[in-house]
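Below is one structure, written out as structure tokens, with a few remarks after it.
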Amino acid sequence: MDRNPYKHGRFLPGTHVPIFSPDRIRETKPDFLLILPWNLKDEIIKQNAFIREWGGKFVVPIPEIQVHE
């Protein structure tokens, strides 16, 4: 997920993980949202707080695994 529309439809380098618009989160209602840029976790959690409506949680694996409800 990335807010930059120029990245939508592309893939993370070396992983082939697709990049989607934030709207995809509302459509698919994931149980967990993996946040890789740990230094931006507070901003990302704030922007996507709506996932708590269906019980979604945030997972931040770096520097150690954390699950935010």
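Just so we're on the same page: first chain in the structure tokens is A, next is B, and so on; residues restart at 1 for each chain, and ligands are numbered from 1 in the order they show up.
Excluding range 23-35 of chain A itself and same-chain residues fewer than 2 positions from it, the residues having an atom within 6 Å of it are Ser21, Pro37, Gly56, Lys57, Phe58, Val59 and Val60 of chain A, counting only C-alpha atoms.
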Contacts of Gln47 in chain A within 12 Å, only C-alpha atoms, excl. fewer than 2 positions in-chain, as a list in words = Met1, Asp2, Arg3, Pro22, Asp23, Ile25, Leu40, Lys41, Asp42, Glu43, Ile44, Ile45, Ala49, Phe50, Ile51, Arg52 and Phe58 of chain A
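Using only C-alpha atoms, the nearest neighbour of His8 in chain A within the list A:Lys46, A:Pro61, A:Phe20, A:Gln66 is A:Phe20.
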If you run DSSP on this backbone, which residues of chain A come out as strand (DSSP E), and could you give them as a list in words?
-> Phe32, Leu33, Leu34, Lys57, Phe58, Val59, Val60, Gln66, Val67 and His68 of chain A
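Here CA of Pro5 in chain A stands at a distance of 18.8 Å from CA of Leu36 in chain A.
CA of Ile19 in chain A to CA of Trp38 in chain A spans 17.5 Å [interatomic distance, one decimal].
Between CA of Glu64 in chain A and CA of Asn39 in chain A the interatomic distance comes to 12.6 Å.
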